[in-house]
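Enquirer: Provided below: coords.tsv, containing TSV, C-alpha atoms and all ligand atoms.
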chain	number	residue	atom	x	y	z
A	1	MET	CA	-138.33	-3.36	49.41
A	2	ALA	CA	-135.05	-3.95	51.26
A	3	CYS	CA	-133.36	-4.41	47.92
A	4	ARG	CA	-134.80	-1.13	46.57
A	5	ILE	CA	-133.66	0.78	49.66
A	6	SER	CA	-130.22	-0.73	49.43
A	7	VAL	CA	-129.92	0.45	45.79
A	8	ILE	CA	-130.96	3.93	46.92
A	9	SER	CA	-128.52	4.00	49.82
A	10	ARG	CA	-125.68	2.99	47.49
A	11	HIS	CA	-126.35	6.21	45.59
A	12	ILE	CA	-126.54	8.35	48.68
A	13	SER	CA	-123.73	7.11	50.89
A	14	SER	CA	-120.40	8.96	50.69
A	15	PRO	CA	-117.48	7.38	48.84
A	16	PRO	CA	-114.92	5.78	51.17
A	17	LEU	CA	-112.38	8.34	52.37
A	18	GLU	CA	-109.43	5.94	51.83
A	19	HIS	CA	-110.06	6.53	48.16
A	20	LEU	CA	-109.13	10.20	48.73
A	21	ASP	CA	-105.97	9.20	50.60
A	22	ASP	CA	-104.98	7.02	47.65
A	23	LEU	CA	-105.45	10.00	45.36
A	24	GLY	CA	-103.32	12.18	47.62
A	25	ILE	CA	-106.23	14.43	48.54
A	26	ARG	CA	-105.77	15.77	52.05
A	27	VAL	CA	-109.00	15.93	54.03
A	28	ALA	CA	-108.94	17.93	57.30
A	29	PRO	CA	-109.75	15.75	60.34
A	30	GLU	CA	-112.91	17.73	61.17
A	31	VAL	CA	-114.27	17.34	57.64
A	32	ARG	CA	-113.27	13.67	57.58
A	33	SER	CA	-115.11	13.00	60.81
A	34	ALA	CA	-118.21	14.93	59.65
A	35	LEU	CA	-118.31	12.98	56.40
A	36	SER	CA	-118.04	9.61	58.11
A	37	SER	CA	-120.50	10.40	60.89
A	38	GLY	CA	-123.20	11.93	58.71
A	39	VAL	CA	-122.84	15.57	59.81
A	40	GLY	CA	-123.59	18.11	57.05
A	41	VAL	CA	-120.57	19.46	55.18
A	42	VAL	CA	-120.55	22.61	53.05
A	43	ALA	CA	-117.85	23.03	50.41
A	44	LEU	CA	-116.49	26.55	49.86
A	45	GLU	CA	-114.40	27.72	46.93
A	46	SER	CA	-111.08	29.57	47.14
A	47	THR	CA	-111.11	31.72	43.97
A	48	ILE	CA	-113.65	33.98	45.64
A	49	VAL	CA	-110.97	34.53	48.33
A	50	SER	CA	-107.94	34.98	46.08
A	51	HIS	CA	-109.46	36.68	43.02
A	52	GLY	CA	-112.95	37.73	44.07
A	53	MET	CA	-112.15	40.17	46.90
A	54	PRO	CA	-109.16	42.22	48.13
A	55	TYR	CA	-107.18	41.50	51.31
A	56	PRO	CA	-108.12	41.77	54.20
A	57	GLN	CA	-111.86	41.72	53.39
A	58	ASN	CA	-111.39	38.36	51.66
A	59	PHE	CA	-109.85	36.79	54.77
A	60	HIS	CA	-112.46	38.23	57.14
A	61	THR	CA	-115.32	37.20	54.86
A	62	ALA	CA	-113.95	33.67	54.49
A	63	GLN	CA	-113.77	33.36	58.29
A	64	GLU	CA	-117.27	34.79	58.77
A	65	VAL	CA	-118.69	32.45	56.15
A	66	GLU	CA	-117.10	29.46	57.91
A	67	SER	CA	-118.59	30.64	61.25
A	68	ILE	CA	-122.05	30.98	59.72
A	69	VAL	CA	-121.82	27.44	58.34
A	70	ARG	CA	-120.85	26.13	61.79
A	71	ALA	CA	-123.55	28.14	63.58
A	72	ASN	CA	-126.09	26.42	61.36
A	73	GLY	CA	-125.00	22.89	62.19
A	74	ALA	CA	-122.64	22.06	59.30
A	75	VAL	CA	-118.88	21.83	58.86
A	76	PRO	CA	-117.16	24.13	56.31
A	77	ALA	CA	-114.67	22.67	53.83
A	78	THR	CA	-112.75	25.30	51.89
A	79	ILE	CA	-111.13	23.68	48.88
A	80	ALA	CA	-107.81	24.76	47.30
A	81	ILE	CA	-104.55	23.37	46.00
A	82	LEU	CA	-101.63	24.53	48.15
A	83	ASP	CA	-97.94	23.82	47.52
A	84	GLY	CA	-99.09	21.54	44.72
A	85	VAL	CA	-97.17	18.48	45.68
A	86	PRO	CA	-98.25	16.12	42.89
A	87	CYS	CA	-101.68	14.65	43.53
A	88	ILE	CA	-102.27	16.74	46.65
A	89	ALA	CA	-105.35	18.91	46.85
A	90	TRP	CA	-106.37	20.27	50.19
A	91	ILE	CA	-109.90	19.92	51.44
A	92	GLY	CA	-110.62	21.77	54.68
A	93	LEU	CA	-108.11	24.59	55.14
A	94	SER	CA	-106.72	25.64	58.52
A	95	LEU	CA	-106.92	29.31	59.55
A	96	ALA	CA	-103.24	29.85	58.74
A	97	GLU	CA	-103.70	28.27	55.29
A	98	LEU	CA	-106.74	30.41	54.65
A	99	GLU	CA	-104.85	33.58	55.59
A	100	ARG	CA	-101.94	32.59	53.36
A	101	LEU	CA	-104.31	32.13	50.44
A	102	ALA	CA	-106.04	35.44	51.16
A	103	LYS	CA	-102.71	37.31	51.28
A	104	LEU	CA	-101.34	35.68	48.14
A	105	GLY	CA	-104.44	36.84	46.25
A	106	THR	CA	-104.01	36.79	42.49
A	107	MET	CA	-100.50	35.30	42.86
A	108	VAL	CA	-102.37	32.02	43.28
A	109	SER	CA	-103.44	30.40	40.00
A	110	LYS	CA	-107.13	30.66	39.28
A	111	THR	CA	-107.80	26.95	38.87
A	112	ALA	CA	-110.76	25.66	36.92
A	113	ARG	CA	-111.22	21.94	36.05
A	114	ARG	CA	-108.88	22.15	33.05
A	115	ASP	CA	-106.07	23.65	35.18
A	116	ILE	CA	-106.01	21.00	37.94
A	117	PRO	CA	-103.36	18.67	36.41
A	118	TYR	CA	-101.05	21.57	35.51
A	119	VAL	CA	-101.18	23.22	38.95
A	120	ILE	CA	-100.53	19.90	40.68
A	121	ALA	CA	-97.74	18.87	38.28
A	122	ARG	CA	-96.03	22.27	38.72
A	123	ARG	CA	-96.41	22.07	42.51
A	124	GLY	CA	-98.21	25.40	42.38
A	125	ASN	CA	-100.86	27.05	44.51
A	126	GLY	CA	-104.32	26.85	42.99
A	127	ALA	CA	-107.46	28.67	44.05
A	128	THR	CA	-110.31	26.51	42.86
A	129	THR	CA	-113.19	28.04	40.89
A	130	VAL	CA	-116.71	26.65	41.00
A	131	SER	CA	-115.86	23.92	38.47
A	132	ALA	CA	-112.72	22.67	40.25
A	133	THR	CA	-114.32	22.98	43.70
A	134	MET	CA	-117.30	20.90	42.53
A	135	PHE	CA	-114.92	18.29	41.17
A	136	PHE	CA	-113.09	17.84	44.50
A	137	ALA	CA	-116.27	18.18	46.60
A	138	SER	CA	-117.87	15.40	44.62
A	139	LYS	CA	-114.83	13.14	45.06
A	140	ALA	CA	-115.29	13.55	48.82
A	141	GLY	CA	-119.05	12.95	48.69
A	142	ILE	CA	-119.88	16.55	49.69
A	143	LYS	CA	-123.30	17.38	48.29
A	144	VAL	CA	-123.69	21.10	49.06
A	145	PHE	CA	-121.38	23.90	47.98
A	146	VAL	CA	-121.81	27.60	48.79
A	147	THR	CA	-120.37	30.45	46.76
A	148	GLY	CA	-121.19	34.04	45.71
A	149	GLY	CA	-121.88	33.79	41.99
A	150	ILE	CA	-121.05	31.33	39.24
A	151	GLY	CA	-119.55	31.96	35.81
A	152	GLY	CA	-121.84	31.81	32.80
A	153	VAL	CA	-122.20	32.59	29.12
A	154	HIS	CA	-120.45	35.91	28.51
A	155	ARG	CA	-122.14	38.63	26.48
A	156	GLN	CA	-121.40	37.98	22.78
A	157	GLY	CA	-120.71	34.40	23.91
A	158	GLU	CA	-122.49	33.18	20.77
A	159	SER	CA	-119.53	34.44	18.72
A	160	THR	CA	-116.63	34.36	21.25
A	161	MET	CA	-117.68	30.95	22.69
A	162	ASP	CA	-116.68	32.32	26.12
A	163	VAL	CA	-118.75	30.03	28.29
A	164	SER	CA	-117.58	29.31	31.84
A	165	SER	CA	-116.61	25.72	32.61
A	166	ASP	CA	-118.78	26.13	35.72
A	167	LEU	CA	-121.76	25.38	33.47
A	168	THR	CA	-120.40	22.16	31.97
A	169	GLU	CA	-119.27	21.03	35.43
A	170	LEU	CA	-122.81	21.56	36.70
A	171	GLY	CA	-123.91	19.28	33.86
A	172	LYS	CA	-121.76	16.37	34.98
A	173	THR	CA	-121.03	16.64	38.71
A	174	PRO	CA	-123.69	15.84	41.32
A	175	VAL	CA	-123.20	18.75	43.73
A	176	ALA	CA	-125.79	21.40	44.66
A	177	VAL	CA	-124.31	24.89	44.23
A	178	VAL	CA	-125.92	27.60	46.34
A	179	CYS	CA	-125.23	31.05	44.86
A	180	ALA	CA	-126.80	34.48	44.33
A	181	GLY	CA	-127.30	33.75	40.64
A	182	VAL	CA	-125.39	35.10	37.69
A	183	LYS	CA	-124.08	38.65	37.32
A	184	SER	CA	-125.50	40.93	34.70
A	185	ILE	CA	-121.96	41.23	33.28
A	186	LEU	CA	-122.99	37.90	31.74
A	187	ASP	CA	-125.74	36.93	29.32
A	188	ILE	CA	-128.29	35.57	31.80
A	189	PRO	CA	-130.91	34.21	29.34
A	190	ARG	CA	-128.23	32.30	27.39
A	191	THR	CA	-126.69	31.05	30.64
A	192	LEU	CA	-130.06	29.56	31.60
A	193	GLU	CA	-130.46	28.03	28.11
A	194	TYR	CA	-127.02	26.47	28.39
A	195	LEU	CA	-127.81	25.05	31.83
A	196	GLU	CA	-130.95	23.49	30.39
A	197	THR	CA	-128.92	21.84	27.63
A	198	GLN	CA	-126.54	20.48	30.26
A	199	GLY	CA	-129.45	18.97	32.20
A	200	VAL	CA	-128.87	21.12	35.29
A	201	THR	CA	-131.77	21.48	37.75
A	202	VAL	CA	-132.06	25.25	38.32
A	203	VAL	CA	-134.00	26.34	41.39
A	204	SER	CA	-134.76	29.83	42.68
A	205	TYR	CA	-135.13	30.22	46.41
A	206	SER	CA	-138.36	31.91	47.53
A	207	THR	CA	-138.77	33.75	44.23
A	208	ASP	CA	-139.94	33.04	40.67
A	209	GLU	CA	-137.07	34.86	39.03
A	210	PHE	CA	-133.53	33.62	38.70
A	211	PRO	CA	-131.47	36.15	40.72
A	212	ALA	CA	-128.83	38.40	39.13
A	213	PHE	CA	-126.25	38.55	41.94
A	214	PHE	CA	-126.33	42.26	42.94
A	215	THR	CA	-130.08	42.37	42.38
A	216	PRO	CA	-132.83	39.83	43.07
A	217	ASN	CA	-134.29	40.41	39.58
A	218	SER	CA	-132.95	39.28	36.23
A	219	GLY	CA	-136.17	39.40	34.25
A	220	CYS	CA	-135.73	35.64	33.65
A	221	LYS	CA	-138.11	33.14	35.19
A	222	ALA	CA	-136.37	30.21	36.91
A	223	PRO	CA	-137.52	26.74	35.85
A	224	CYS	CA	-138.12	25.65	39.48
A	225	ARG	CA	-138.92	27.38	42.75
A	226	ALA	CA	-138.33	26.19	46.34
A	227	ASP	CA	-139.69	28.11	49.31
A	228	SER	CA	-137.78	26.45	52.13
A	229	VAL	CA	-134.49	24.70	52.85
A	230	GLU	CA	-136.50	21.48	53.28
A	231	GLU	CA	-137.80	21.77	49.70
A	232	CYS	CA	-134.24	22.32	48.47
A	233	ALA	CA	-133.10	19.22	50.39
A	234	ASP	CA	-136.01	17.22	48.88
A	235	ILE	CA	-134.84	18.17	45.39
A	236	ILE	CA	-131.21	17.20	46.12
A	237	GLU	CA	-132.39	13.96	47.72
A	238	ALA	CA	-134.52	13.07	44.68
A	239	SER	CA	-131.67	13.82	42.28
A	240	THR	CA	-129.24	11.72	44.35
A	241	LYS	CA	-131.68	8.87	44.78
A	242	PHE	CA	-132.11	8.39	41.07
A	243	GLY	CA	-128.41	8.75	40.36
A	244	LEU	CA	-128.75	11.82	38.14
A	245	SER	CA	-125.09	12.59	37.78
A	246	SER	CA	-125.75	16.25	37.05
A	247	GLY	CA	-125.59	19.18	39.47
A	248	ILE	CA	-128.22	21.44	40.94
A	249	LEU	CA	-128.03	25.23	40.96
A	250	ILE	CA	-129.88	27.01	43.76
A	251	GLY	CA	-130.19	30.77	43.21
A	252	VAL	CA	-130.70	32.70	46.46
A	253	PRO	CA	-131.60	36.38	45.90
A	254	ILE	CA	-129.49	39.01	47.65
A	255	PRO	CA	-131.43	40.24	50.74
A	256	ALA	CA	-133.43	43.38	49.82
A	257	GLU	CA	-131.64	45.67	52.30
A	258	HIS	CA	-128.29	44.96	50.64
A	259	ALA	CA	-129.59	45.06	47.06
A	260	ALA	CA	-130.47	48.74	47.59
A	261	ALA	CA	-126.79	49.58	48.21
A	262	ALA	CA	-125.92	47.92	44.93
A	263	LYS	CA	-128.22	50.12	42.83
A	264	ASN	CA	-125.39	52.02	41.15
A	265	VAL	CA	-123.65	48.77	40.29
A	266	GLU	CA	-125.34	48.28	36.92
A	267	SER	CA	-123.90	51.45	35.37
A	268	ALA	CA	-120.48	50.61	36.81
A	269	ILE	CA	-120.73	47.18	35.19
A	270	GLN	CA	-121.38	48.81	31.81
A	271	SER	CA	-118.30	51.06	32.15
A	272	ALA	CA	-116.13	48.17	33.34
A	273	LEU	CA	-117.27	46.01	30.42
A	274	HIS	CA	-116.28	48.71	27.90
A	275	GLU	CA	-112.95	49.17	29.65
A	276	ALA	CA	-112.23	45.42	29.60
A	277	GLU	CA	-112.96	45.35	25.87
A	278	SER	CA	-110.81	48.37	25.04
A	279	ARG	CA	-107.91	47.03	27.14
A	280	GLY	CA	-108.13	43.62	25.44
A	281	ILE	CA	-108.80	41.74	28.70
A	282	ALA	CA	-110.02	38.26	27.82
A	283	GLY	CA	-110.43	34.66	28.99
A	284	ASN	CA	-110.22	33.90	32.69
A	285	SER	CA	-108.96	37.41	33.51
A	286	VAL	CA	-112.30	38.99	32.61
A	287	THR	CA	-114.25	38.10	35.78
A	288	PRO	CA	-111.54	39.18	38.30
A	289	PHE	CA	-110.97	42.42	36.34
A	290	LEU	CA	-114.66	43.29	36.28
A	291	LEU	CA	-115.10	42.53	39.98
A	292	LYS	CA	-112.17	44.78	40.91
A	293	ARG	CA	-113.13	47.60	38.56
A	294	VAL	CA	-116.81	47.60	39.52
A	295	ASN	CA	-115.78	47.81	43.17
A	296	GLU	CA	-113.55	50.84	42.45
A	297	LEU	CA	-116.28	52.55	40.40
A	298	THR	CA	-118.94	52.03	43.09
A	299	GLY	CA	-116.68	53.26	45.88
A	300	GLY	CA	-116.82	49.88	47.60
A	301	ASP	CA	-120.61	49.36	47.41
A	302	SER	CA	-120.32	46.30	45.20
A	303	LEU	CA	-117.84	44.63	47.58
A	304	ALA	CA	-120.11	45.36	50.54
A	305	ALA	CA	-123.07	43.81	48.70
A	306	ASN	CA	-120.91	40.87	47.60
A	307	ILE	CA	-119.90	40.13	51.19
A	308	GLN	CA	-123.50	40.27	52.42
A	309	LEU	CA	-124.83	37.98	49.74
A	310	VAL	CA	-122.11	35.37	50.32
A	311	LYS	CA	-122.94	35.35	54.03
A	312	ASN	CA	-126.63	34.94	53.26
A	313	ASN	CA	-125.85	32.07	50.89
A	314	ALA	CA	-123.78	30.42	53.64
A	315	LEU	CA	-126.75	30.61	56.00
A	316	VAL	CA	-129.14	29.03	53.49
A	317	GLY	CA	-126.57	26.48	52.25
A	318	ALA	CA	-125.67	25.26	55.75
A	319	LYS	CA	-129.35	24.79	56.58
A	320	ILE	CA	-129.85	22.83	53.35
A	321	ALA	CA	-126.82	20.63	54.14
A	322	THR	CA	-128.22	19.92	57.61
A	323	ALA	CA	-131.72	19.16	56.28
A	324	LEU	CA	-130.19	16.87	53.68
A	325	THR	CA	-128.19	14.93	56.27
A	326	THR	CA	-131.37	13.99	58.11
A	327	ARG	CA	-132.83	12.63	54.89
A	328	LEU	CA	-129.74	10.69	53.88
A	329	SER	CA	-129.25	9.12	57.31
A	330	ARG	CA	-132.91	8.00	57.24
A	331	PHE	CA	-132.17	5.98	54.10
A	332	THR	CA	-128.91	4.58	55.40
A	333	LYS	CA	-130.63	3.47	58.64
A	334	SER	CA	-133.53	1.80	56.76
A	335	SER	CA	-131.10	-0.18	54.62
A	336	CYS	CA	-129.51	-1.71	57.75
A	337	HIS	CA	-132.73	-3.45	58.91
A	401	LIG	O1	-118.93	37.01	41.70
A	401	LIG	C1	-118.10	36.19	41.38
A	401	LIG	N1	-118.30	35.42	40.28
A	401	LIG	C2	-117.40	34.48	39.90
A	401	LIG	C3	-116.26	34.30	40.61
A	401	LIG	C4	-115.25	33.25	40.27
A	401	LIG	O2	-115.05	33.22	38.86
A	401	LIG	C5	-115.25	31.88	38.39
A	401	LIG	C6	-115.73	31.88	36.96
A	401	LIG	O3	-114.70	32.35	36.16
A	401	LIG	P1	-114.82	32.26	34.56
A	401	LIG	O4	-115.89	33.24	34.20
A	401	LIG	O5	-113.45	32.66	34.08
A	401	LIG	O6	-115.18	30.84	34.24
A	401	LIG	C7	-116.23	31.27	39.34
A	401	LIG	O7	-116.19	29.87	39.30
A	401	LIG	C8	-115.77	31.85	40.67
A	401	LIG	O8	-114.67	31.10	41.14
A	401	LIG	C9	-116.03	35.12	41.79
A	401	LIG	O9	-115.01	35.02	42.47
A	401	LIG	N2	-116.98	36.03	42.12
Here is a file; write its structure as structure tokens.
Ligand SMILES: O=c1[nH]cc([C@@H]2O[C@H](COP(=O)(O)O)[C@@H](O)[C@H]2O)c(=O)[nH]1
Expert:
Amino acid sequence: MACRISVISRHISSPPLEHLDDLGIRVAPEVRSALSSGVGVVALESTIVSHGMPYPQNFHTAQEVESIVRANGAVPATIAILDGVPCIAWIGLSLAELERLAKLGTMVSKTARRDIPYVIARRGNGATTVSATMFFASKAGIKVFVTGGIGGVHRQGESTMDVSSDLTELGKTPVAVVCAGVKSILDIPRTLEYLETQGVTVVSYSTDEFPAFFTPNSGCKAPCRADSVEECADIIEASTKFGLSSGILIGVPIPAEHAAAAKNVESAIQSALHEAESRGIAGNSVTPFLLKRVNELTGGDSLAANIQLVKNNALVGAKIATALTTRLSRFTKSSCH
């Protein structure tokens, strides 16, 4: 029995933080202390700040999200690459660093997994997307990551092969990503198919349907459903315990009162999609362009809904991280006796 528990705890305990120092990854003291003392940590991405929202709403939202995480018992860790001194990625940004990132906006490189070596080698500033944030979070042993929405299979993806690296990262990095689902600017059924192929556990929170970001309904049934943060933590615990090296996607529907404000978003999405096509916007510029254009076309409604859903995700994600910590410390304690 002791032997079995010790195998389990090897899977669940965080990697030693010296390993991060050796890699040149800077970990903020508060995050470092939370990780070593078993307090819940929630990773936050920086592309949502630089490319996902305009200044100053991006800065205010980032601060509010961090406060919500704290108010729910966890420590926020915003991940970015700043002044890309080789091998330095920053985990846990200070307020001044966060403001700098928010002001720089799209001047910062949108950094997915493939871009990490280039941004670091060029000593650039990199705002990490879901894939790059998962990569660094996992290196630090952070198990829960909160964002707004993830990338997916783009419409006509079967011929363009435009599939976000967020999906392949979810297939190989053991971090639970709490989001409001996938936008209808993407092909949601194919995104779910692709996640299945990648072995990603996809869970919808308190609903049967996988949420579609601005709306709780996508018309697609989620493979799993969890009705409480404890159930979400149970799923993450089980995945960790058995060393499944894949990620978990937890889709939290936008709260109903904010979904109503986003009703006119769907037609704006259609117009923005046509515009992107006619202007030849492609690759990693598509998502930021659509977000900006849809916000203009909806007179700010989509941004307002976006901010509300991110805050709601932060609430749920922080509670999951806290519930998970209790479970993980239980195992670590048992293995000591
Ligand atoms: O509603 C949003 N969806 C997606 C993004 C960002 O866009 C990335 C996906 O980009 P792409 O589709 O180019 O892979 C995500 O990881 C995330 O960082 C965002 O800011 N806001």
Enquirer: Any chance you could work out the axis-aligned box around segment 206-215 of chain A, listed atoms only, 3 Å on each side, giving centre and edge lengths in Å to one decimal, as AutoDock Vina command-line options?
Expert:
--center_x -133.1 --center_y 37.1 --center_z 43.1 --size_x 19.7 --size_y 16.5 --size_z 14.8
Enquirer: Which protein, DNA or RNA residues have an atom within 8 Å of ligand LIG 401 (chain A), counting all atoms listed in the file, as a count of residues only?
Expert: 37
Enquirer: Would you mind telling me which residue in A:Arg114, A:Arg100, A:Arg70, A:His60 lies nearest to Phe135 of chain A when using all atoms listed in the file?
Expert: A:Arg114
Enquirer: Just the number, please: distance in Å from atom CA of Val41 of chain A to atom CA of Thr326 of chain A, one decimal.
Expert: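 Distance between the two atoms: 12.5 Å.
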Enquirer: Could you name the residues that touch Ala314 of chain A at 12 Å or less, counting all atoms listed in the file, but leaving out those on the same chain fewer than 5 positions away, as a compact mmCIF listing (two decimals) with C-alpha atoms, keeping the file's coordinate frame?
Expert:
# COMPACT_ATOMS: atom_id res chain seq x y z
CA VAL A 41 -120.57 19.46 55.18
CA VAL A 42 -120.55 22.61 53.05
CA ALA A 43 -117.85 23.03 50.41
CA LEU A 44 -116.49 26.55 49.86
CA GLU A 45 -114.40 27.72 46.93
CA THR A 61 -115.32 37.20 54.86
CA ALA A 62 -113.95 33.67 54.49
CA GLN A 63 -113.77 33.36 58.29
CA GLU A 64 -117.27 34.79 58.77
CA VAL A 65 -118.69 32.45 56.15
CA GLU A 66 -117.10 29.46 57.91
CA SER A 67 -118.59 30.64 61.25
CA ILE A 68 -122.05 30.98 59.72
CA VAL A 69 -121.82 27.44 58.34
CA ARG A 70 -120.85 26.13 61.79
CA ALA A 71 -123.55 28.14 63.58
CA ASN A 72 -126.09 26.42 61.36
CA GLY A 73 -125.00 22.89 62.19
CA ALA A 74 -122.64 22.06 59.30
CA VAL A 75 -118.88 21.83 58.86
CA PRO A 76 -117.16 24.13 56.31
CA ALA A 77 -114.67 22.67 53.83
CA VAL A 144 -123.69 21.10 49.06
CA PHE A 145 -121.38 23.90 47.98
CA VAL A 146 -121.81 27.60 48.79
CA THR A 147 -120.37 30.45 46.76
CA GLY A 148 -121.19 34.04 45.71
CA VAL A 177 -124.31 24.89 44.23
CA VAL A 178 -125.92 27.60 46.34
CA CYS A 179 -125.23 31.05 44.86
CA ALA A 180 -126.80 34.48 44.33
CA VAL A 252 -130.70 32.70 46.46
CA ILE A 254 -129.49 39.01 47.65
CA ILE A 307 -119.90 40.13 51.19
CA GLN A 308 -123.50 40.27 52.42
CA LEU A 309 -124.83 37.98 49.74
CA LYS A 319 -129.35 24.79 56.58
CA ILE A 320 -129.85 22.83 53.35
CA ALA A 321 -126.82 20.63 54.14
Enquirer: Which one of A:Thr240, A:Asn58, A:Thr325, A:Ser94 sits closest to Glu30 of chain A if you count all atoms listed in the file?
Expert: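 Ranking A:Thr240, A:Asn58, A:Thr325, A:Ser94 by distance to Glu30 of chain A, first place goes to A:Ser94.
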